[in-house]
$ cat start_39.tsv   # TSV, C-alpha atoms
chain	number	residue	atom	x	y	z
A	43	MET	CA	-24.15	-61.23	-49.48
A	44	THR	CA	-25.05	-58.48	-51.90
A	45	ARG	CA	-27.65	-57.11	-49.44
A	46	ARG	CA	-25.02	-56.56	-46.74
A	47	TRP	CA	-22.89	-54.09	-48.74
A	48	PRO	CA	-25.42	-51.20	-48.73
A	49	LEU	CA	-25.81	-51.64	-44.95
A	50	ILE	CA	-22.04	-51.64	-44.36
A	51	THR	CA	-21.61	-48.59	-46.59
A	52	THR	CA	-24.32	-46.70	-44.71
A	53	ILE	CA	-22.71	-47.47	-41.33
A	54	ALA	CA	-19.30	-46.29	-42.59
A	55	VAL	CA	-20.74	-43.00	-43.87
A	56	LEU	CA	-22.55	-42.34	-40.58
A	57	THR	CA	-19.38	-43.09	-38.59
A	58	VAL	CA	-17.34	-40.56	-40.62
A	59	ALA	CA	-20.08	-37.91	-40.27
A	60	LEU	CA	-20.28	-38.42	-36.49
A	61	ALA	CA	-16.50	-38.08	-36.16
A	62	PHE	CA	-16.60	-34.81	-38.14
A	63	VAL	CA	-19.28	-33.34	-35.86
A	64	VAL	CA	-17.38	-34.34	-32.69
A	65	VAL	CA	-14.16	-32.70	-33.94
A	66	HIS	CA	-15.92	-29.40	-34.65
A	67	LEU	CA	-17.70	-29.39	-31.29
A	68	VAL	CA	-14.39	-29.84	-29.45
A	69	ARG	CA	-12.77	-27.03	-31.43
A	70	GLY	CA	-15.68	-24.73	-30.66
A	71	GLU	CA	-15.36	-25.38	-26.90
A	72	ASP	CA	-11.60	-24.72	-26.98
A	73	SER	CA	-12.16	-21.42	-28.80
A	74	GLY	CA	-14.71	-20.33	-26.20
A	75	ASP	CA	-12.30	-21.14	-23.36
A	76	ASP	CA	-9.58	-19.00	-24.96
A	77	LYS	CA	-11.92	-16.02	-25.12
A	78	ALA	CA	-13.04	-16.44	-21.51
A	79	GLU	CA	-9.45	-16.58	-20.28
A	80	ALA	CA	-8.48	-13.40	-22.15
A	81	LYS	CA	-11.05	-11.14	-20.46
A	82	PRO	CA	-9.61	-10.82	-16.90
A	83	ALA	CA	-6.20	-9.63	-18.14
A	84	ALA	CA	-7.79	-6.66	-19.92
A	85	SER	CA	-9.69	-5.50	-16.84
A	86	SER	CA	-7.22	-6.04	-13.99
A	87	PRO	CA	-7.51	-3.53	-11.09
A	88	ALA	CA	-3.88	-2.46	-11.48
A	89	ALA	CA	-4.53	-1.39	-15.07
A	90	ARG	CA	-7.67	0.52	-14.15
A	91	ASP	CA	-6.82	2.77	-11.22
A	92	THR	CA	-3.19	3.89	-11.40
A	93	SER	CA	-4.54	7.45	-11.75
A	94	LEU	CA	-5.73	7.17	-8.14
A	95	GLN	CA	-2.18	7.19	-6.80
A	96	GLY	CA	-2.48	10.98	-6.68
A	97	LEU	CA	-0.07	13.88	-6.27
A	98	GLY	CA	1.23	12.04	-3.22
A	99	TRP	CA	0.62	8.59	-1.75
A	100	TRP	CA	2.04	7.42	1.58
A	101	PRO	CA	0.91	3.89	2.54
A	102	LEU	CA	2.61	4.19	5.97
A	103	HIS	CA	3.15	0.44	5.94
A	104	ARG	CA	5.90	0.51	8.57
A	105	SER	CA	7.77	3.32	6.80
A	106	GLY	CA	7.21	6.84	5.51
A	107	THR	CA	8.26	5.90	1.98
A	108	ALA	CA	6.12	7.54	-0.71
A	109	LYS	CA	4.69	5.37	-3.51
A	110	ALA	CA	3.75	8.52	-5.44
A	111	GLY	CA	5.17	12.03	-5.17
A	112	GLU	CA	8.64	13.43	-4.61
A	113	HIS	CA	8.96	13.31	-0.81
A	114	ASP	CA	8.79	10.66	1.89
A	115	ALA	CA	6.82	11.31	5.07
A	116	VAL	CA	8.85	12.17	8.17
A	117	VAL	CA	7.49	10.83	11.47
A	118	SER	CA	7.80	12.85	14.70
A	119	GLY	CA	6.79	12.57	18.36
A	120	GLY	CA	4.76	9.77	19.91
A	121	THR	CA	4.35	7.28	17.09
A	122	ARG	CA	5.00	3.62	16.32
A	123	TRP	CA	4.25	1.19	13.53
A	124	THR	CA	1.38	-1.27	13.78
A	125	GLU	CA	-0.82	-3.55	11.70
A	126	GLY	CA	-3.17	-2.00	9.14
A	127	PRO	CA	-5.91	-3.01	6.71
A	128	GLU	CA	-3.56	-3.09	3.71
A	129	GLY	CA	-0.38	-4.27	5.46
A	130	GLY	CA	0.62	-1.68	8.06
A	131	ALA	CA	-0.23	1.65	9.69
A	132	LEU	CA	1.11	4.50	11.79
A	133	ARG	CA	-0.09	4.60	15.39
A	134	LEU	CA	-0.30	8.08	16.95
A	135	ASP	CA	-0.49	8.82	20.67
A	136	GLY	CA	-2.99	11.71	20.55
A	137	SER	CA	-0.65	14.24	22.16
A	138	GLN	CA	2.59	14.63	20.18
A	139	GLY	CA	2.71	12.17	17.31
A	140	TYR	CA	2.36	13.22	13.66
A	141	ALA	CA	4.04	12.90	10.25
A	142	SER	CA	4.86	15.59	7.69
A	143	THR	CA	4.52	14.65	4.02
A	144	ASN	CA	6.79	17.54	2.94
A	145	THR	CA	4.26	18.10	0.15
A	146	ARG	CA	2.25	21.29	-0.38
A	147	LEU	CA	-1.23	21.17	-1.91
A	148	ASP	CA	-2.67	24.24	-3.65
A	149	THR	CA	-5.99	24.66	-1.83
A	150	THR	CA	-6.69	28.25	-2.98
A	151	GLY	CA	-6.41	28.02	-6.77
A	152	LYS	CA	-7.22	24.40	-7.64
A	153	ASP	CA	-9.72	21.69	-6.85
A	154	TYR	CA	-8.31	19.10	-4.48
A	155	SER	CA	-9.02	15.87	-2.60
A	156	VAL	CA	-7.48	14.10	0.40
A	157	ALA	CA	-8.02	10.57	1.67
A	158	ALA	CA	-6.85	8.15	4.37
A	159	ARG	CA	-7.77	4.98	6.22
A	160	VAL	CA	-8.26	5.73	9.90
A	161	ARG	CA	-8.95	3.93	13.16
A	162	LEU	CA	-9.83	5.71	16.40
A	163	GLY	CA	-8.37	4.59	19.70
A	164	SER	CA	-10.52	4.24	22.80
A	165	GLN	CA	-9.16	7.59	24.05
A	166	GLY	CA	-9.94	9.33	20.77
A	167	MET	CA	-13.73	9.60	21.06
A	168	LYS	CA	-13.80	12.93	22.89
A	169	GLY	CA	-12.75	16.30	21.53
A	170	ILE	CA	-11.46	16.92	18.01
A	171	HIS	CA	-8.83	14.72	16.41
A	172	THR	CA	-7.41	15.53	12.97
A	173	ALA	CA	-6.23	12.81	10.58
A	174	LEU	CA	-5.08	15.09	7.72
A	175	SER	CA	-4.51	18.84	7.43
A	176	GLU	CA	-2.28	21.40	5.74
A	177	ASP	CA	-0.42	24.04	7.72
A	178	GLY	CA	-1.10	27.74	7.30
A	179	ASP	CA	0.42	30.53	9.37
A	180	GLN	CA	-2.21	30.43	12.12
A	181	HIS	CA	-4.64	27.72	11.08
A	182	SER	CA	-4.80	24.71	8.80
A	183	ALA	CA	-6.10	25.21	5.27
A	184	PHE	CA	-8.38	22.18	5.82
A	185	TYR	CA	-9.04	19.48	8.42
A	186	LEU	CA	-10.11	15.88	7.74
A	187	GLN	CA	-11.03	14.86	11.26
A	188	TYR	CA	-13.22	13.31	13.93
A	189	SER	CA	-15.41	15.69	15.92
A	190	GLY	CA	-16.34	14.30	19.32
A	191	GLY	CA	-18.90	17.08	19.87
A	192	ASP	CA	-20.72	16.06	16.69
A	193	GLY	CA	-20.09	12.36	17.22
A	194	ASN	CA	-18.87	11.79	13.68
A	195	PHE	CA	-16.20	12.46	11.07
A	196	ALA	CA	-15.94	15.86	9.42
A	197	PHE	CA	-14.23	17.78	6.63
A	198	SER	CA	-13.64	21.29	7.91
A	199	PHE	CA	-12.29	24.77	7.34
A	200	THR	CA	-11.81	27.39	10.03
A	201	GLY	CA	-15.39	28.53	10.67
A	202	ALA	CA	-17.03	25.82	8.51
A	203	ARG	CA	-17.51	22.14	9.28
A	204	THR	CA	-19.14	19.50	7.07
A	205	VAL	CA	-20.16	16.71	9.45
A	206	ALA	CA	-20.78	13.22	8.10
A	207	GLU	CA	-24.27	11.81	8.46
A	208	THR	CA	-24.03	8.03	8.80
A	209	SER	CA	-26.41	5.35	10.05
A	210	GLN	CA	-24.02	4.44	12.86
A	211	ALA	CA	-21.58	6.56	14.84
A	212	PRO	CA	-17.87	5.77	14.40
A	213	GLN	CA	-16.60	3.07	16.75
A	214	PRO	CA	-13.11	2.79	18.29
A	215	GLY	CA	-11.03	-0.06	16.94
A	216	ARG	CA	-12.78	-0.14	13.54
A	217	TRP	CA	-11.13	0.96	10.29
A	218	TYR	CA	-12.84	3.60	8.13
A	219	HIS	CA	-11.92	5.15	4.80
A	220	LEU	CA	-12.32	8.94	4.72
A	221	THR	CA	-12.20	11.24	1.70
A	222	GLY	CA	-12.63	15.00	1.54
A	223	THR	CA	-13.04	16.81	-1.80
A	224	TYR	CA	-13.36	20.48	-2.74
A	225	SER	CA	-14.45	22.25	-5.95
A	226	GLN	CA	-13.26	25.82	-6.52
A	227	LYS	CA	-15.98	26.40	-9.15
A	228	ASN	CA	-18.97	26.00	-6.86
A	229	HIS	CA	-17.13	26.16	-3.50
A	230	ARG	CA	-18.66	22.85	-2.50
A	231	MET	CA	-16.97	20.50	-0.07
A	232	HIS	CA	-17.82	16.81	0.34
A	233	ILE	CA	-16.97	14.17	2.90
A	234	TYR	CA	-17.18	10.47	2.08
A	235	VAL	CA	-17.09	7.63	4.60
A	236	ASP	CA	-16.21	4.16	3.32
A	237	GLY	CA	-16.71	5.29	-0.26
A	238	ARG	CA	-20.17	6.82	0.23
A	239	LEU	CA	-21.10	10.48	0.27
A	240	ALA	CA	-21.88	11.38	3.88
A	241	GLY	CA	-22.03	15.18	3.88
A	242	THR	CA	-21.75	18.29	1.69
A	243	ARG	CA	-22.01	22.08	2.00
A	244	VAL	CA	-20.91	25.29	0.32
A	245	ALA	CA	-18.02	27.00	2.10
A	246	SER	CA	-14.73	28.79	1.42
A	247	SER	CA	-11.44	28.95	3.27
A	248	SER	CA	-9.41	32.15	3.43
A	249	VAL	CA	-6.37	30.33	4.83
A	250	LYS	CA	-3.42	30.16	2.45
A	251	PRO	CA	-1.21	27.11	2.93
A	252	THR	CA	2.34	27.96	3.98
A	253	GLY	CA	3.45	24.47	4.98
A	254	ALA	CA	2.98	20.83	4.09
A	255	VAL	CA	0.14	18.35	4.31
A	256	VAL	CA	0.37	16.78	7.78
A	257	VAL	CA	-0.78	13.39	9.04
A	258	GLY	CA	-2.14	13.19	12.57
A	259	ARG	CA	-2.67	16.78	13.72
A	260	GLY	CA	-4.00	20.21	12.78
A	261	ARG	CA	-2.93	23.81	13.40
A	262	PHE	CA	-5.06	26.26	15.37
A	263	HIS	CA	-4.17	29.78	16.52
A	264	GLY	CA	-0.56	29.24	15.50
A	265	ARG	CA	-0.08	26.05	17.52
A	266	ASP	CA	-0.13	22.34	16.72
A	267	ALA	CA	-3.48	20.97	17.87
A	268	ASP	CA	-6.09	18.21	17.63
A	269	PHE	CA	-3.64	15.29	17.57
A	270	TRP	CA	-5.03	11.99	16.30
A	271	ASN	CA	-5.43	9.20	18.81
A	272	GLY	CA	-5.36	5.93	16.90
A	273	ASP	CA	-4.03	4.64	13.59
A	274	ILE	CA	-3.71	6.07	10.06
A	275	ALA	CA	-2.69	4.43	6.78
A	276	ASP	CA	-2.88	4.82	2.99
A	277	VAL	CA	-2.77	8.61	2.77
A	278	HIS	CA	-3.44	10.24	-0.62
A	279	VAL	CA	-3.56	13.87	-1.82
A	280	TYR	CA	-4.84	14.98	-5.23
A	281	ASP	CA	-4.71	18.26	-7.13
A	282	ARG	CA	-8.21	17.62	-8.48
A	283	GLU	CA	-11.68	16.76	-7.24
A	284	LEU	CA	-12.28	13.02	-7.23
A	285	SER	CA	-15.57	11.77	-8.64
A	286	SER	CA	-17.89	9.71	-6.48
A	287	ARG	CA	-16.99	6.62	-8.51
A	288	GLU	CA	-13.27	7.23	-7.95
A	289	VAL	CA	-13.84	7.64	-4.23
A	290	SER	CA	-15.73	4.34	-4.13
A	291	THR	CA	-12.95	2.59	-6.04
A	292	LEU	CA	-10.24	4.01	-3.76
A	293	SER	CA	-12.19	2.96	-0.69
A	294	SER	CA	-12.50	-0.62	-1.91
A	295	HIS	CA	-8.80	-1.11	-2.70
A	296	GLU	CA	-5.53	0.76	-3.05
A	297	PRO	CA	-4.23	1.60	-6.56
A	298	GLY	CA	-2.10	-0.89	-8.46
$ encode --input "start_39.tsv" --output "structure tokens"
Amino acid sequence: MTRRWPLITTIAVLTVALAFVVVHLVRGEDSGDDKAEAKPAASSPAARDTSLQGLGWWPLHRSGTAKAGEHDAVVSGGTRWTEGPEGGALRLDGSQGYASTNTRLDTTGKDYSVAARVRLGSQGMKGIHTALSEDGDQHSAFYLQYSGGDGNFAFSFTGARTVAETSQAPQPGRWYHLTGTYSQKNHRMHIYVDGRLAGTRVASSSVKPTGAVVVGRGRFHGRDADFWNGDIADVHVYDRELSSREVSTLSSHEPG
């Protein structure tokens, strides 16, 4: 009988020690789970990219309401609302349809950037079709467009065109994200397609803007011209030059 007591005591001590270890292991796992769950909230997309809303942002999701900026877009001519990659888009007929943002961008004294999601219609593959521009007296201060003669997208001034160089030519019915940026310091213009740099050159524009940024057409020799045939959505204008990383982020998703 006396021999059994040391054995019973040893078993009791081991049982208590095992229970202590199990409790601490469980607590450690719970603490790790709490840390893992806290990380996504600190790095949510909405918290990261609100600066990409810009001087003006017009989603064109079945209305001209601005999500950033002071003025809504006003639609004119042959247009109608349709489906888009982020919820809606403006369809333009290629002959009369356009929208004015009622917002002027300083393209002569400051760096700037413009961006939009675009889709060409089957009738929009020939000639020049402008997605975004800004009116001057006789010509647009800039043109973010498709050039049928070059077979690709372009960011242009009067007398200077930066044509995108991509592995595949643009196709009708497919959505693309276009961004044009300009630096006053080195007079360098860039065009990005789907978030990637596709073309760059040094050029200057002598055209002073006298009107607003326009969606769906340009201005040439004092007349409205180069109407877009297809769909446009998620238009942004910025009074600064976007970095390549910002362009990539904007291409991947709209700001929060």
$ residues_near_point --input "start_39.tsv" --point "(-9.0, 13.7, 13.9)" --cutoff "10 Å" --atoms "only C-alpha atoms" --output "NGL selection string"
:A and (136 or 160-162 or 166-167 or 169-175 or 185-190 or 195-197 or 257-260 or 267-272)
$ residues_around --input "start_39.tsv" --residues "Ala245 (chain A)" --least-positions-apart "4" --cutoff "8 Å" --atoms "only C-alpha atoms" --output "JSON list (two decimals) with C-alpha atoms, in the coordinates of the input"
[["chain", "number", "residue", "atom", "x", "y", "z"],
["A", 202, "ALA", "CA", -17.03, 25.82, 8.51],
["A", 229, "HIS", "CA", -17.13, 26.16, -3.50],
["A", 230, "ARG", "CA", -18.66, 22.85, -2.50],
["A", 231, "MET", "CA", -16.97, 20.50, -0.07]]
$ residues_near_point --input "start_39.tsv" --point "(5.8, 8.2, 4.2)" --cutoff "10 Å" --atoms "all atoms listed in the file" --output "PyMOL selection string"
chain A and resi 98-110+113-117+132+141-144+257+275-277
$ closest_residue --input "start_39.tsv" --among "A:Thr145, A:Gln165, A:Gln210, A:Ser285" --to "Gly222 (chain A)" --atoms "all atoms listed in the file"
A:Ser285
$ closest_residue --input "start_39.tsv" --among "A:Ile274, A:Val205, A:Val156, A:Ala240" --to "Phe184 (chain A)" --atoms "only C-alpha atoms"
A:Val156
$ atom_distance --input "start_39.tsv" --atom1 "CA of Pro214 (chain A)" --atom2 "CA of Leu239 (chain A)"
21.2 Å
$ decode --input "start_39.tsv" --residues "region 126-224 of chain A" --atoms "C-alpha atoms" --output "PDB file, in the first residue's frame"
ATOM      1  CA  GLY A 126     -20.050  49.064 -67.643  1.00  0.00           C
ATOM      2  CA  PRO A 127     -17.137  47.336 -65.919  1.00  0.00           C
ATOM      3  CA  GLU A 128     -17.804  49.017 -62.559  1.00  0.00           C
ATOM      4  CA  GLY A 129     -21.610  49.236 -62.734  1.00  0.00           C
ATOM      5  CA  GLY A 130     -22.568  51.417 -65.704  1.00  0.00           C
ATOM      6  CA  ALA A 131     -21.311  53.504 -68.630  1.00  0.00           C
ATOM      7  CA  LEU A 132     -22.237  56.169 -71.153  1.00  0.00           C
ATOM      8  CA  ARG A 133     -22.770  54.954 -74.714  1.00  0.00           C
ATOM      9  CA  LEU A 134     -21.957  57.494 -77.448  1.00  0.00           C
ATOM     10  CA  ASP A 135     -23.121  57.296 -81.059  1.00  0.00           C
ATOM     11  CA  GLY A 136     -19.935  58.534 -82.756  1.00  0.00           C
ATOM     12  CA  SER A 137     -21.580  61.519 -84.435  1.00  0.00           C
ATOM     13  CA  GLN A 138     -23.234  63.835 -81.893  1.00  0.00           C
ATOM     14  CA  GLY A 139     -23.038  62.373 -78.414  1.00  0.00           C
ATOM     15  CA  TYR A 140     -20.778  63.810 -75.696  1.00  0.00           C
ATOM     16  CA  ALA A 141     -20.802  65.032 -72.079  1.00  0.00           C
ATOM     17  CA  SER A 142     -19.359  68.215 -70.589  1.00  0.00           C
ATOM     18  CA  THR A 143     -17.857  67.975 -67.099  1.00  0.00           C
ATOM     19  CA  ASN A 144     -18.155  71.754 -66.572  1.00  0.00           C
ATOM     20  CA  THR A 145     -14.675  71.525 -65.059  1.00  0.00           C
ATOM     21  CA  ARG A 146     -11.592  73.342 -66.361  1.00  0.00           C
ATOM     22  CA  LEU A 147      -8.131  71.821 -65.985  1.00  0.00           C
ATOM     23  CA  ASP A 148      -5.032  74.052 -66.014  1.00  0.00           C
ATOM     24  CA  THR A 149      -2.934  72.415 -68.739  1.00  0.00           C
ATOM     25  CA  THR A 150      -0.514  75.332 -69.264  1.00  0.00           C
ATOM     26  CA  GLY A 151       0.798  76.021 -65.758  1.00  0.00           C
ATOM     27  CA  LYS A 152       0.474  72.726 -63.879  1.00  0.00           C
ATOM     28  CA  ASP A 153       1.161  69.034 -64.293  1.00  0.00           C
ATOM     29  CA  TYR A 154      -1.997  67.074 -65.009  1.00  0.00           C
ATOM     30  CA  SER A 155      -3.441  63.621 -65.664  1.00  0.00           C
ATOM     31  CA  VAL A 156      -6.669  62.296 -67.195  1.00  0.00           C
ATOM     32  CA  ALA A 157      -8.105  58.788 -67.158  1.00  0.00           C
ATOM     33  CA  ALA A 158     -11.142  56.785 -68.297  1.00  0.00           C
ATOM     34  CA  ARG A 159     -12.386  53.282 -69.009  1.00  0.00           C
ATOM     35  CA  VAL A 160     -13.283  52.953 -72.671  1.00  0.00           C
ATOM     36  CA  ARG A 161     -14.799  50.450 -75.078  1.00  0.00           C
ATOM     37  CA  LEU A 162     -14.801  50.888 -78.850  1.00  0.00           C
ATOM     38  CA  GLY A 163     -17.845  50.016 -80.918  1.00  0.00           C
ATOM     39  CA  SER A 164     -17.546  48.052 -84.143  1.00  0.00           C
ATOM     40  CA  GLN A 165     -17.933  51.312 -86.095  1.00  0.00           C
ATOM     41  CA  GLY A 166     -15.228  53.046 -84.079  1.00  0.00           C
ATOM     42  CA  MET A 167     -12.146  51.353 -85.543  1.00  0.00           C
ATOM     43  CA  LYS A 168     -11.610  53.778 -88.418  1.00  0.00           C
ATOM     44  CA  GLY A 169     -10.617  57.417 -88.173  1.00  0.00           C
ATOM     45  CA  ILE A 170      -9.921  59.267 -84.925  1.00  0.00           C
ATOM     46  CA  HIS A 171     -12.223  59.019 -81.924  1.00  0.00           C
ATOM     47  CA  THR A 172     -11.600  61.078 -78.784  1.00  0.00           C
ATOM     48  CA  ALA A 173     -12.563  59.824 -75.324  1.00  0.00           C
ATOM     49  CA  LEU A 174     -11.421  62.880 -73.321  1.00  0.00           C
ATOM     50  CA  SER A 175     -10.339  66.391 -74.299  1.00  0.00           C
ATOM     51  CA  GLU A 176     -10.468  69.993 -73.111  1.00  0.00           C
ATOM     52  CA  ASP A 177     -11.852  72.762 -75.298  1.00  0.00           C
ATOM     53  CA  GLY A 178      -9.716  75.649 -76.506  1.00  0.00           C
ATOM     54  CA  ASP A 179     -10.804  78.355 -78.930  1.00  0.00           C
ATOM     55  CA  GLN A 180      -9.865  76.439 -82.087  1.00  0.00           C
ATOM     56  CA  HIS A 181      -8.446  73.145 -80.859  1.00  0.00           C
ATOM     57  CA  SER A 182      -8.473  70.963 -77.782  1.00  0.00           C
ATOM     58  CA  ALA A 183      -5.699  71.437 -75.231  1.00  0.00           C
ATOM     59  CA  PHE A 184      -5.213  67.637 -75.252  1.00  0.00           C
ATOM     60  CA  TYR A 185      -6.811  64.511 -76.721  1.00  0.00           C
ATOM     61  CA  LEU A 186      -6.999  61.067 -75.098  1.00  0.00           C
ATOM     62  CA  GLN A 187      -8.145  59.058 -78.079  1.00  0.00           C
ATOM     63  CA  TYR A 188      -8.091  56.138 -80.488  1.00  0.00           C
ATOM     64  CA  SER A 189      -6.250  56.689 -83.773  1.00  0.00           C
ATOM     65  CA  GLY A 190      -7.473  54.384 -86.523  1.00  0.00           C
ATOM     66  CA  GLY A 191      -4.569  55.368 -88.780  1.00  0.00           C
ATOM     67  CA  ASP A 192      -2.094  54.224 -86.135  1.00  0.00           C
ATOM     68  CA  GLY A 193      -4.236  51.294 -85.039  1.00  0.00           C
ATOM     69  CA  ASN A 194      -3.926  52.110 -81.345  1.00  0.00           C
ATOM     70  CA  PHE A 195      -4.736  54.505 -78.522  1.00  0.00           C
ATOM     71  CA  ALA A 196      -2.951  57.841 -78.267  1.00  0.00           C
ATOM     72  CA  PHE A 197      -2.424  60.861 -76.020  1.00  0.00           C
ATOM     73  CA  SER A 198      -2.136  63.872 -78.292  1.00  0.00           C
ATOM     74  CA  PHE A 199      -1.685  67.601 -78.696  1.00  0.00           C
ATOM     75  CA  THR A 200      -2.244  69.527 -81.904  1.00  0.00           C
ATOM     76  CA  GLY A 201       0.851  68.603 -83.932  1.00  0.00           C
ATOM     77  CA  ALA A 202       2.099  65.921 -81.497  1.00  0.00           C
ATOM     78  CA  ARG A 203       0.769  62.410 -80.938  1.00  0.00           C
ATOM     79  CA  THR A 204       2.053  59.811 -78.485  1.00  0.00           C
ATOM     80  CA  VAL A 205       0.818  56.474 -79.833  1.00  0.00           C
ATOM     81  CA  ALA A 206       0.582  53.478 -77.521  1.00  0.00           C
ATOM     82  CA  GLU A 207       2.752  50.484 -78.326  1.00  0.00           C
ATOM     83  CA  THR A 208       0.983  47.334 -77.150  1.00  0.00           C
ATOM     84  CA  SER A 209       1.391  43.647 -77.942  1.00  0.00           C
ATOM     85  CA  GLN A 210      -2.130  43.499 -79.383  1.00  0.00           C
ATOM     86  CA  ALA A 211      -4.178  46.112 -81.211  1.00  0.00           C
ATOM     87  CA  PRO A 212      -7.331  47.359 -79.449  1.00  0.00           C
ATOM     88  CA  GLN A 213     -10.402  45.246 -80.147  1.00  0.00           C
ATOM     89  CA  PRO A 214     -14.032  46.423 -80.375  1.00  0.00           C
ATOM     90  CA  GLY A 215     -16.234  45.307 -77.520  1.00  0.00           C
ATOM     91  CA  ARG A 216     -13.366  45.041 -75.007  1.00  0.00           C
ATOM     92  CA  TRP A 217     -12.898  47.420 -72.073  1.00  0.00           C
ATOM     93  CA  TYR A 218      -9.569  49.236 -71.654  1.00  0.00           C
ATOM     94  CA  HIS A 219      -8.303  51.650 -69.026  1.00  0.00           C
ATOM     95  CA  LEU A 220      -6.516  54.684 -70.488  1.00  0.00           C
ATOM     96  CA  THR A 221      -4.440  57.287 -68.648  1.00  0.00           C
ATOM     97  CA  GLY A 222      -2.596  60.284 -70.036  1.00  0.00           C
ATOM     98  CA  THR A 223      -0.138  62.272 -67.888  1.00  0.00           C
ATOM     99  CA  TYR A 224       1.908  65.410 -68.519  1.00  0.00           C
TER     100      TYR A 224
END
